[in-house]
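Here is the structure we will look at, set down as structure tokens.
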Amino acid sequence: MEEKKPVVEMRSIRKVFLDVIANRDIDFSLYRGEVCSLLGENGAGKTTLMNVLFGYYALDGGEIYIKGEKVNLSSPKDAIDKGIGMIHQHFTLVPSQSVLENIIIGAAVEKGLFLDFKSAGERVVRLGEEFGLLINPDVKVWTLSVGEQQKVEILKALYRDVDILIMDEPTAVLAPKEIIELFKTLKALVKRGKSVVFISHKLNEVMEISDRIVVLRNGGVTAERKTSETNIRELANLMVGRDILEKLDRKNMIPGKPVLEIENLSVLNEKGLKAVKDLNLVVHKNEIVGVAGVSGNGQTELSESLFGIREPVSGVVKVNGKKVKKGNPAAAIDMGMGRIPEDRIETGLLMDLSVEENIILENHLKHGFQKYGLMNFNRIHEFSDKLIKDYKIKTAGSDIAAKSLSGGNLQKVILARELSGQPSVVIASQPTRGLDVGAMEYIHERLLEERDRGAGIMLISEDLDEVFTLSDRIVVMYEGEIIGEAGSGTASKEQIGLWMSGVKK
Amino acid sequence: MIRIRIIRRAPLPNWARIAIPVIAIIVTLILAAIPILIAGGNLWKSYYYLFYGALGTRFNILETFVKSSPLIFTGLAVAFAFRAKFWNIGAEGQLLAGAIAATWIGISFPGVPAFILLPVVLTGGFIAGGAWAAVPALLKTKLKVDDVVTTLLLNYVMMHIMGALLFGPLQQPGSSWPRSPEIVAAAKYPILLARSRFHMGIPLAFIAVFILWFINKRTVLGYQTKAVGVNIRAADFGGINTTAVILKTALISGGLAGLAGVGEVCGIQYHLLMDLSPGYGYSGIVIAMLGNLHPVGVMFSAFFFSVIIVGAQTMSRITGVPVYISEVIQGMALIIMLIAILFTEYKIKVAKR
Ligand SMILES: Nc1ncnc2c1ncn2[C@@H]1O[C@H](COP(=O)(O)OP(=O)(O)OP(=O)(O)O)[C@@H](O)[C@H]1O
Ligand SMILES: [Mg+2]
């Protein structure tokens, strides 16, 4: 292949936050018609680098060239004008408005005073057909699934004629089927000469979709590979600087007495419909039960009712044989439940408070962290510093605001908090979503250790590989019910896949 | 073409949190020149008498302290509530509730010595204010009624209750004015400095600043209110009883506002009157914002406000600029502070192209 001119060239990019160098003199290029993956540990600086390119952060050093022209991006609007679109992990759509309204917000006004809905709608449909993003433009956004909302976000970018699309961990929230669709779209995009930056922690995805892979570590570029000339093992090694085997040391254990018993549990969703229907499930001591299933089949409602933040309409939950008070998070904590919510920012964390204030959230009343209503800050520092070290949480200190941590490190804060109390039951909802391979391996080891220590673990995950590597027993949730169950030794991926799509044996 | 953009900025270092209100105050004082000029005042003379009136003599300084006491209490009340995102706009009503309780106790127990009566008056005023604030807190937590609306409306309810009492059971016998009898001597705050109105309520206000700082910084309740204010869903998930926290916040907030009312009755007026408060409760909102919801910040901004209020009287007497100028300045201070707060998170960028 001859030497091509890059569409984006970033030279010696430097971005410093108060106490961290997030990008240290990074050179990065993107070529026409390619998918380039950014790979790197949690906190390596991927999101920051892309936010710089999207004009979201001001540069502390370096230059950006777009199609050979030096640019000064002072806001995302500038970036969009230059043909750069970015899709964040958290969408920016207005739920109460229609797909079409969301797409043309901001873009149409410049054309004139009146919005031409008809031709805008036609254009959206045309774009949708061209790139496999078929969505009815007239439906309201709140009725859409996460995967569909992502399609709207992509359409929104395409409607603004971007030819460089940045996607920050787009697959973390998608079901396997949706990932396949997304990849089709991305392939259609590059075929038409557009360029894509793709960020993901899932190495198989990266291998499948990208033409080129750039690896970041500690804010710098450590390696660059053509996808055809590398493999998963090398990539993992480049990322974390050691071999990742994911050969977990998995002892065979005999499950003990039941620690979590769910009896005839029914839970409503936001729309008032039964999302969990008369569900029964038992988790034993020294056992990991994997709950597989396509998201949206009641897993969220199930976990939230166990956490105590959503009151079930009927049913009983017992921990160690004792009934847990419904709709009461404090009761769940007191019964020895470790809870890892899937929505870490909204549910799990106090983003404006410090890391240590997050770590002690659940036990600020115990463990000598307080006496007579006064906080014991020495103990709190000590305890937090230890967990930060044990869990390798990347932060400038325990008194730094949680919101300055990278996505994966936020997840580690929650894990540290929830597992530090030696829970007898752990409910882990998507515990490794957004984690790098090294961190994922660590979390998997920790969960197994918890099991070996004697905890009963309910692992709710969409990642079938994760469910298979960790679980002693696998159940599949479909439309609020458990549709099938198998021991991990006897289960086949095909069978689980069938159950996930609702086919009963 | 020049384009002006507002963009997000990186988090500011700590010193900026102190610098920003200070700058806001300086800007306010500079911009105050505009209304002064419009009102026809001589600029330098006006500024001179503004500060002379507030700080020029021993008596003036002490008067400024006297004025700062209710402002500190209401400022603390609002700041403590806002920290937990309990939007208490009702400090005015809670102040009146405290004042009514203090008056009732102060006229009902002749013969009880001061060392018993004063603590009773303080406690009574605190509880009355707190209870009045607990009403909207209960409505918020149990029925999800918007607290901004209820706290505001309850101000008017309390004003009318006070009116009814002053024309009824609390009216001075034989008088036709809406005014209560004088409270007994034992219920009056001792005057601490001769030839002044410098009463016990002033050191109490400064003690309250310290206590609030201590609560915020060191206690479990301070941690819990912060957690509830930052993300109530996560606080709930973490096992914090958010209903109880909001209720406690309301009790303390309303109680502090109540103490402002006690101070006005027992330290200044010795009677309950319709115009007991010139809107201290509302000023408290501005003071809390200007003080960045921090107790020490509240103390300084309350003091700044009393300088303006007290100084404006002298300025008005000598230069003829209306006293209302002080309210204009207070309003400007709020707007400028809100803009300044905006700039702690965003900055303006001017780009040429
Ligand atoms: N707004 C911010 N303020 C302070 N520090 C920040 C901010 N954003 C990021 N950082 C820090 O910069 C570093 C890089 O963060 P970044 O979000 O770019 O990582 P990442 O590679 O995207 O990680 P992840 O895979 O976990 O999403 C981290 O150490 C993070 O704590
Ligand atoms: Mg990231």
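Residues are referred to by chain and number: the chain letter is A, B, ... according to the order shown in the structure tokens, the number counts from 1 in that chain, and ligands are numbered separately from 1 in the order shown.
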- [ ] May I ask you to extract the residues of chain A within 7 Å of chain B, using only C-alpha atoms, and to give them as a ChimeraX atom specification?
- [x] /A:75,309,329-330,346-350,352,361-362,373-375
May I have the selected residues written with all heavy atoms, as an mmCIF file, in the first residue's frame?
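Full text of part_4.cif as output:
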data_model
loop_
_atom_site.group_PDB
_atom_site.id
_atom_site.type_symbol
_atom_site.label_atom_id
_atom_site.label_comp_id
_atom_site.auth_asym_id
_atom_site.auth_seq_id
_atom_site.Cartn_x
_atom_site.Cartn_y
_atom_site.Cartn_z
ATOM 1 N N SER A 75 -14.073 24.277 20.726
ATOM 2 C CA SER A 75 -15.303 23.680 21.255
ATOM 3 C C SER A 75 -15.721 22.552 20.341
ATOM 4 O O SER A 75 -15.280 22.483 19.193
ATOM 5 C CB SER A 75 -16.424 24.713 21.302
ATOM 6 O OG SER A 75 -16.878 24.958 19.991
ATOM 7 N N ILE A 309 -33.059 -0.730 46.340
ATOM 8 C CA ILE A 309 -33.440 0.592 45.839
ATOM 9 C C ILE A 309 -34.687 0.537 44.962
ATOM 10 O O ILE A 309 -35.125 1.545 44.440
ATOM 11 C CB ILE A 309 -32.290 1.277 45.063
ATOM 12 C CG1 ILE A 309 -31.772 0.385 43.940
ATOM 13 C CG2 ILE A 309 -31.169 1.663 45.998
ATOM 14 C CD1 ILE A 309 -30.683 1.036 43.107
ATOM 15 N N PRO A 329 -32.055 -0.238 51.344
ATOM 16 C CA PRO A 329 -30.643 -0.523 51.054
ATOM 17 C C PRO A 329 -29.842 -0.811 52.316
ATOM 18 O O PRO A 329 -28.982 -1.699 52.314
ATOM 19 C CB PRO A 329 -30.140 0.761 50.393
ATOM 20 C CG PRO A 329 -31.344 1.515 49.980
ATOM 21 C CD PRO A 329 -32.465 1.096 50.861
ATOM 22 N N ALA A 330 -30.142 -0.066 53.394
ATOM 23 C CA ALA A 330 -29.376 -0.267 54.619
ATOM 24 C C ALA A 330 -29.552 -1.695 55.128
ATOM 25 O O ALA A 330 -28.598 -2.313 55.614
ATOM 26 C CB ALA A 330 -29.806 0.740 55.676
ATOM 27 N N GLU A 346 -24.601 7.050 38.350
ATOM 28 C CA GLU A 346 -25.848 7.525 38.946
ATOM 29 C C GLU A 346 -26.148 6.850 40.272
ATOM 30 O O GLU A 346 -26.683 7.460 41.186
ATOM 31 C CB GLU A 346 -27.018 7.276 37.989
ATOM 32 C CG GLU A 346 -26.981 8.112 36.724
ATOM 33 C CD GLU A 346 -27.072 9.596 37.017
ATOM 34 O OE1 GLU A 346 -27.817 9.978 37.938
ATOM 35 O OE2 GLU A 346 -26.401 10.374 36.311
ATOM 36 N N THR A 347 -25.841 5.560 40.359
ATOM 37 C CA THR A 347 -26.263 4.794 41.524
ATOM 38 C C THR A 347 -25.126 4.538 42.503
ATOM 39 O O THR A 347 -25.319 4.585 43.709
ATOM 40 C CB THR A 347 -26.821 3.424 41.079
ATOM 41 O OG1 THR A 347 -27.803 3.653 40.088
ATOM 42 C CG2 THR A 347 -27.440 2.688 42.245
ATOM 43 N N GLY A 348 -23.954 4.294 41.961
ATOM 44 C CA GLY A 348 -22.903 3.779 42.828
ATOM 45 C C GLY A 348 -22.008 4.824 43.451
ATOM 46 O O GLY A 348 -21.372 4.558 44.466
ATOM 47 N N LEU A 349 -21.925 6.011 42.843
ATOM 48 C CA LEU A 349 -20.864 6.920 43.271
ATOM 49 C C LEU A 349 -21.340 8.339 43.540
ATOM 50 O O LEU A 349 -22.335 8.799 42.987
ATOM 51 C CB LEU A 349 -19.781 6.984 42.190
ATOM 52 C CG LEU A 349 -18.958 5.715 41.993
ATOM 53 C CD1 LEU A 349 -18.154 5.810 40.726
ATOM 54 C CD2 LEU A 349 -18.049 5.467 43.177
ATOM 55 N N LEU A 350 -20.591 9.004 44.407
ATOM 56 C CA LEU A 350 -20.793 10.420 44.669
ATOM 57 C C LEU A 350 -19.665 11.122 43.920
ATOM 58 O O LEU A 350 -18.579 11.304 44.445
ATOM 59 C CB LEU A 350 -20.696 10.676 46.172
ATOM 60 C CG LEU A 350 -21.682 9.833 47.001
ATOM 61 C CD1 LEU A 350 -21.187 9.660 48.421
ATOM 62 C CD2 LEU A 350 -23.054 10.466 46.990
ATOM 63 N N ASP A 352 -18.881 14.073 42.993
ATOM 64 C CA ASP A 352 -18.274 15.323 43.454
ATOM 65 C C ASP A 352 -17.521 15.157 44.777
ATOM 66 O O ASP A 352 -16.873 16.081 45.231
ATOM 67 C CB ASP A 352 -19.346 16.404 43.629
ATOM 68 C CG ASP A 352 -19.809 16.940 42.287
ATOM 69 O OD1 ASP A 352 -18.970 17.037 41.379
ATOM 70 O OD2 ASP A 352 -21.004 17.246 42.138
ATOM 71 N N LEU A 361 -18.701 5.106 52.017
ATOM 72 C CA LEU A 361 -20.143 5.406 51.946
ATOM 73 C C LEU A 361 -20.987 4.434 52.764
ATOM 74 O O LEU A 361 -21.829 4.829 53.551
ATOM 75 C CB LEU A 361 -20.599 5.407 50.482
ATOM 76 C CG LEU A 361 -22.103 5.571 50.259
ATOM 77 C CD1 LEU A 361 -22.590 6.900 50.807
ATOM 78 C CD2 LEU A 361 -22.456 5.467 48.782
ATOM 79 N N GLU A 362 -20.755 3.146 52.588
ATOM 80 C CA GLU A 362 -21.651 2.183 53.223
ATOM 81 C C GLU A 362 -21.326 1.909 54.676
ATOM 82 O O GLU A 362 -22.181 1.495 55.428
ATOM 83 C CB GLU A 362 -21.630 0.869 52.447
ATOM 84 C CG GLU A 362 -22.340 1.043 51.152
ATOM 85 C CD GLU A 362 -22.401 -0.229 50.358
ATOM 86 O OE1 GLU A 362 -21.902 -1.258 50.847
ATOM 87 O OE2 GLU A 362 -22.943 -0.180 49.259
ATOM 88 N N GLY A 373 -20.674 10.242 66.575
ATOM 89 C CA GLY A 373 -21.078 11.149 65.501
ATOM 90 C C GLY A 373 -19.945 11.944 64.884
ATOM 91 O O GLY A 373 -20.170 12.750 63.992
ATOM 92 N N LEU A 374 -18.708 11.728 65.350
ATOM 93 C CA LEU A 374 -17.569 12.437 64.755
ATOM 94 C C LEU A 374 -16.795 11.484 63.844
ATOM 95 O O LEU A 374 -16.551 10.331 64.203
ATOM 96 C CB LEU A 374 -16.630 12.960 65.851
ATOM 97 C CG LEU A 374 -17.248 13.936 66.836
ATOM 98 C CD1 LEU A 374 -16.194 14.413 67.826
ATOM 99 C CD2 LEU A 374 -17.835 15.122 66.092
ATOM 100 N N MET A 375 -16.406 11.985 62.702
ATOM 101 C CA MET A 375 -15.680 11.144 61.758
ATOM 102 C C MET A 375 -14.223 10.988 62.222
ATOM 103 O O MET A 375 -13.612 11.953 62.672
ATOM 104 C CB MET A 375 -15.667 11.775 60.360
ATOM 105 C CG MET A 375 -17.013 12.191 59.834
ATOM 106 S SD MET A 375 -18.002 10.824 59.251
ATOM 107 C CE MET A 375 -17.334 10.574 57.631
#
- [ ] Could I get the residue neighbourhood of ligand 2 at 12 Å, counting only C-alpha atoms and all ligand atoms, as a count of residues only?
- [x] 41
Task: A:Arg473 environment, 9 Å, only C-alpha atoms, sequence neighbours closer than 4 positions dropped, as a PyMOL selection string - done: chain A and resi 287-291+468+485-489+491
Open item on the list: Taking 2 positions as the minimum chain separation for residues in the same chain, which residues sit within 12 Å of B:Ile26 when counting only C-alpha atoms? Answer as a PyMOL selection string.
Closed with: chain B and resi 19-24+28-33+304+329+332-333+336-337+340
Task: Residue contacts of stretch 450-456 of chain A (12 Å, only C-alpha atoms) excluding same-chain residues fewer than 4 positions away, as number ranges by chain - done: A: 249-261, 282-290, 319-320, 336-338, 415, 418-428, 443-446, 470-473
Task: Long-range neighbours of A:Met351 as number ranges by chain, 7 Å cut-off, only C-alpha atoms, 2 positions minimum in chain - done: A: 345, 349, 353, 401-403
Would you return as a tab-separated table (two decimals) with N, CA, C and O atoms, in the first residue's frame the members of stretch 368-463 of chain A that DSSP assigns to alpha helix (DSSP H) on this structure's backbone?
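New file selection_8.tsv:
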chain	number	residue	atom	x	y	z
A	377	PHE	N	-10.97	10.71	60.73
A	377	PHE	CA	-10.35	10.82	59.41
A	377	PHE	C	-9.04	10.04	59.29
A	377	PHE	O	-8.72	9.56	58.21
A	378	ASN	N	-8.32	9.87	60.38
A	378	ASN	CA	-7.09	9.09	60.28
A	378	ASN	C	-7.40	7.66	59.83
A	378	ASN	O	-6.75	7.12	58.94
A	379	ARG	N	-8.40	7.08	60.48
A	379	ARG	CA	-8.79	5.73	60.12
A	379	ARG	C	-9.27	5.67	58.68
A	379	ARG	O	-8.96	4.72	57.93
A	380	ILE	N	-10.02	6.70	58.28
A	380	ILE	CA	-10.58	6.71	56.93
A	380	ILE	C	-9.45	6.78	55.89
A	380	ILE	O	-9.45	6.03	54.92
A	381	HIS	N	-8.48	7.67	56.12
A	381	HIS	CA	-7.33	7.76	55.19
A	381	HIS	C	-6.62	6.43	55.09
A	381	HIS	O	-6.33	5.93	54.01
A	382	GLU	N	-6.31	5.87	56.26
A	382	GLU	CA	-5.56	4.62	56.30
A	382	GLU	C	-6.27	3.54	55.50
A	382	GLU	O	-5.68	2.88	54.65
A	383	PHE	N	-7.54	3.38	55.81
A	383	PHE	CA	-8.35	2.35	55.19
A	383	PHE	C	-8.41	2.57	53.67
A	383	PHE	O	-8.20	1.66	52.87
A	384	SER	N	-8.66	3.82	53.25
A	384	SER	CA	-8.78	4.10	51.82
A	384	SER	C	-7.46	3.89	51.10
A	384	SER	O	-7.42	3.32	50.01
A	385	ASP	N	-6.39	4.37	51.73
A	385	ASP	CA	-5.09	4.21	51.08
A	385	ASP	C	-4.77	2.74	50.85
A	385	ASP	O	-4.23	2.36	49.82
A	386	LYS	N	-5.16	1.92	51.81
A	386	LYS	CA	-4.90	0.49	51.67
A	386	LYS	C	-5.69	-0.08	50.49
A	386	LYS	O	-5.15	-0.80	49.65
A	387	LEU	N	-6.96	0.27	50.42
A	387	LEU	CA	-7.78	-0.25	49.32
A	387	LEU	C	-7.28	0.27	47.97
A	387	LEU	O	-7.26	-0.45	46.98
A	388	ILE	N	-6.89	1.54	47.93
A	388	ILE	CA	-6.39	2.11	46.68
A	388	ILE	C	-5.18	1.33	46.21
A	388	ILE	O	-5.02	1.04	45.02
A	389	LYS	N	-4.34	0.92	47.17
A	389	LYS	CA	-3.17	0.15	46.84
A	389	LYS	C	-3.55	-1.28	46.42
A	389	LYS	O	-3.13	-1.75	45.37
A	390	ASP	N	-4.37	-1.92	47.23
A	390	ASP	CA	-4.76	-3.30	46.94
A	390	ASP	C	-5.43	-3.42	45.57
A	390	ASP	O	-5.19	-4.37	44.83
A	407	GLY	N	-12.98	5.89	33.76
A	407	GLY	CA	-14.11	4.99	33.92
A	407	GLY	C	-13.78	3.70	34.65
A	407	GLY	O	-14.48	3.29	35.57
A	408	GLY	N	-12.71	3.07	34.26
A	408	GLY	CA	-12.36	1.80	34.86
A	408	GLY	C	-11.98	1.94	36.33
A	408	GLY	O	-12.28	1.08	37.16
A	409	ASN	N	-11.32	3.03	36.64
A	409	ASN	CA	-10.91	3.23	38.02
A	409	ASN	C	-12.09	3.53	38.93
A	409	ASN	O	-12.09	3.19	40.11
A	410	LEU	N	-13.12	4.15	38.36
A	410	LEU	CA	-14.34	4.36	39.14
A	410	LEU	C	-14.94	3.01	39.53
A	410	LEU	O	-15.39	2.81	40.65
A	411	GLN	N	-14.92	2.08	38.59
A	411	GLN	CA	-15.47	0.76	38.88
A	411	GLN	C	-14.67	0.08	39.99
A	411	GLN	O	-15.24	-0.58	40.85
A	412	LYS	N	-13.37	0.30	39.98
A	412	LYS	CA	-12.55	-0.31	41.03
A	412	LYS	C	-12.89	0.27	42.40
A	412	LYS	O	-12.81	-0.42	43.41
A	413	VAL	N	-13.23	1.56	42.43
A	413	VAL	CA	-13.61	2.17	43.72
A	413	VAL	C	-14.83	1.44	44.28
A	413	VAL	O	-14.88	1.09	45.47
A	414	ILE	N	-15.79	1.17	43.42
A	414	ILE	CA	-17.00	0.48	43.88
A	414	ILE	C	-16.65	-0.94	44.36
A	414	ILE	O	-17.09	-1.37	45.42
A	415	LEU	N	-15.86	-1.63	43.56
A	415	LEU	CA	-15.50	-3.00	43.93
A	415	LEU	C	-14.78	-3.02	45.27
A	415	LEU	O	-15.06	-3.85	46.13
A	416	ALA	N	-13.85	-2.10	45.44
A	416	ALA	CA	-13.09	-2.05	46.68
A	416	ALA	C	-14.05	-1.86	47.85
A	416	ALA	O	-13.96	-2.53	48.87
A	417	ARG	N	-14.98	-0.94	47.68
A	417	ARG	CA	-15.93	-0.66	48.76
A	417	ARG	C	-16.79	-1.88	49.07
A	417	ARG	O	-16.98	-2.24	50.22
A	418	GLU	N	-17.28	-2.53	48.03
A	418	GLU	CA	-18.27	-3.59	48.24
A	418	GLU	C	-17.64	-4.89	48.73
A	418	GLU	O	-18.28	-5.63	49.45
A	419	LEU	N	-16.41	-5.15	48.31
A	419	LEU	CA	-15.81	-6.42	48.70
A	419	LEU	C	-15.02	-6.32	49.99
A	419	LEU	O	-14.69	-7.32	50.60
A	437	VAL	N	-8.27	-5.31	30.16
A	437	VAL	CA	-8.07	-6.76	30.37
A	437	VAL	C	-7.36	-7.07	31.68
A	437	VAL	O	-7.68	-8.04	32.34
A	438	GLY	N	-6.41	-6.22	32.02
A	438	GLY	CA	-5.68	-6.46	33.26
A	438	GLY	C	-6.61	-6.32	34.46
A	438	GLY	O	-6.64	-7.17	35.35
A	439	ALA	N	-7.38	-5.24	34.46
A	439	ALA	CA	-8.30	-5.00	35.56
A	439	ALA	C	-9.37	-6.08	35.60
A	439	ALA	O	-9.77	-6.55	36.66
A	440	MET	N	-9.80	-6.51	34.41
A	440	MET	CA	-10.83	-7.54	34.35
A	440	MET	C	-10.33	-8.82	34.97
A	440	MET	O	-11.00	-9.46	35.78
A	441	GLU	N	-9.11	-9.17	34.61
A	441	GLU	CA	-8.51	-10.36	35.18
A	441	GLU	C	-8.47	-10.25	36.71
A	441	GLU	O	-8.80	-11.18	37.43
A	442	TYR	N	-8.11	-9.08	37.16
A	442	TYR	CA	-8.01	-8.86	38.60
A	442	TYR	C	-9.38	-9.03	39.28
A	442	TYR	O	-9.51	-9.69	40.30
A	443	ILE	N	-10.40	-8.41	38.67
A	443	ILE	CA	-11.74	-8.52	39.25
A	443	ILE	C	-12.20	-9.98	39.25
A	443	ILE	O	-12.77	-10.47	40.23
A	444	HIS	N	-11.92	-10.68	38.17
A	444	HIS	CA	-12.30	-12.09	38.11
A	444	HIS	C	-11.60	-12.88	39.23
A	444	HIS	O	-12.23	-13.70	39.90
A	445	GLU	N	-10.33	-12.60	39.40
A	445	GLU	CA	-9.61	-13.28	40.49
A	445	GLU	C	-10.25	-12.96	41.83
A	445	GLU	O	-10.43	-13.83	42.68
A	446	ARG	N	-10.58	-11.68	42.01
A	446	ARG	CA	-11.16	-11.26	43.29
A	446	ARG	C	-12.50	-11.95	43.53
A	446	ARG	O	-12.79	-12.40	44.63
A	447	LEU	N	-13.31	-12.04	42.47
A	447	LEU	CA	-14.62	-12.68	42.64
A	447	LEU	C	-14.44	-14.15	43.00
A	447	LEU	O	-15.15	-14.67	43.87
A	448	LEU	N	-13.48	-14.79	42.35
A	448	LEU	CA	-13.23	-16.20	42.69
A	448	LEU	C	-12.73	-16.33	44.12
A	448	LEU	O	-13.11	-17.24	44.85
A	449	GLU	N	-11.87	-15.41	44.52
A	449	GLU	CA	-11.38	-15.43	45.91
A	449	GLU	C	-12.53	-15.29	46.89
A	449	GLU	O	-12.57	-15.95	47.92
A	450	GLU	N	-13.46	-14.39	46.54
A	450	GLU	CA	-14.63	-14.21	47.41
A	450	GLU	C	-15.41	-15.51	47.51
A	450	GLU	O	-15.88	-15.89	48.57
A	451	ARG	N	-15.55	-16.16	46.37
A	451	ARG	CA	-16.26	-17.44	46.37
A	451	ARG	C	-15.52	-18.44	47.25
A	451	ARG	O	-16.13	-19.13	48.09
A	452	ASP	N	-14.21	-18.53	47.08
A	452	ASP	CA	-13.44	-19.49	47.86
A	452	ASP	C	-13.49	-19.17	49.34
A	452	ASP	O	-13.45	-20.06	50.19
A	453	ARG	N	-13.58	-17.90	49.66
A	453	ARG	CA	-13.67	-17.50	51.06
A	453	ARG	C	-15.00	-17.94	51.67
A	453	ARG	O	-15.12	-18.13	52.88
Open item on the list: Can you pull out every residue from stretch 204-334 of chain A that DSSP, working from the backbone, puts in strand (DSSP E), and format the result as a ChimeraX atom specification?
Closed with: /A:212-217,220-226,258-268,274-284,287-292,314-319,322-323
Open item on the list: Would you compute the distance between atom CA of A:Ser461 and atom CA of A:Ile359? Give it in Å to one decimal.
Closed with: 23.8 Å
Task: B:Phe59 environment, 8 Å, only C-alpha atoms, sequence neighbours closer than 3 positions dropped, as a ChimeraX atom specification - done: /B:62-63,195-196
Open item on the list: One decimal, in Å: what's the spacing between atom CA of A:Leu93 and atom CA of B:Trp87?
Closed with: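 Straight-line distance from atom CA of A:Leu93 to atom CA of B:Trp87 works out to 28.1 Å.
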Open item on the list: What does the structure give for the distance between atom CA of A:Leu186 and atom CA of A:Arg123, in Å to one decimal?
Closed with: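 Atom-to-atom, atom CA of A:Leu186 to atom CA of A:Arg123, that is 19.0 Å.
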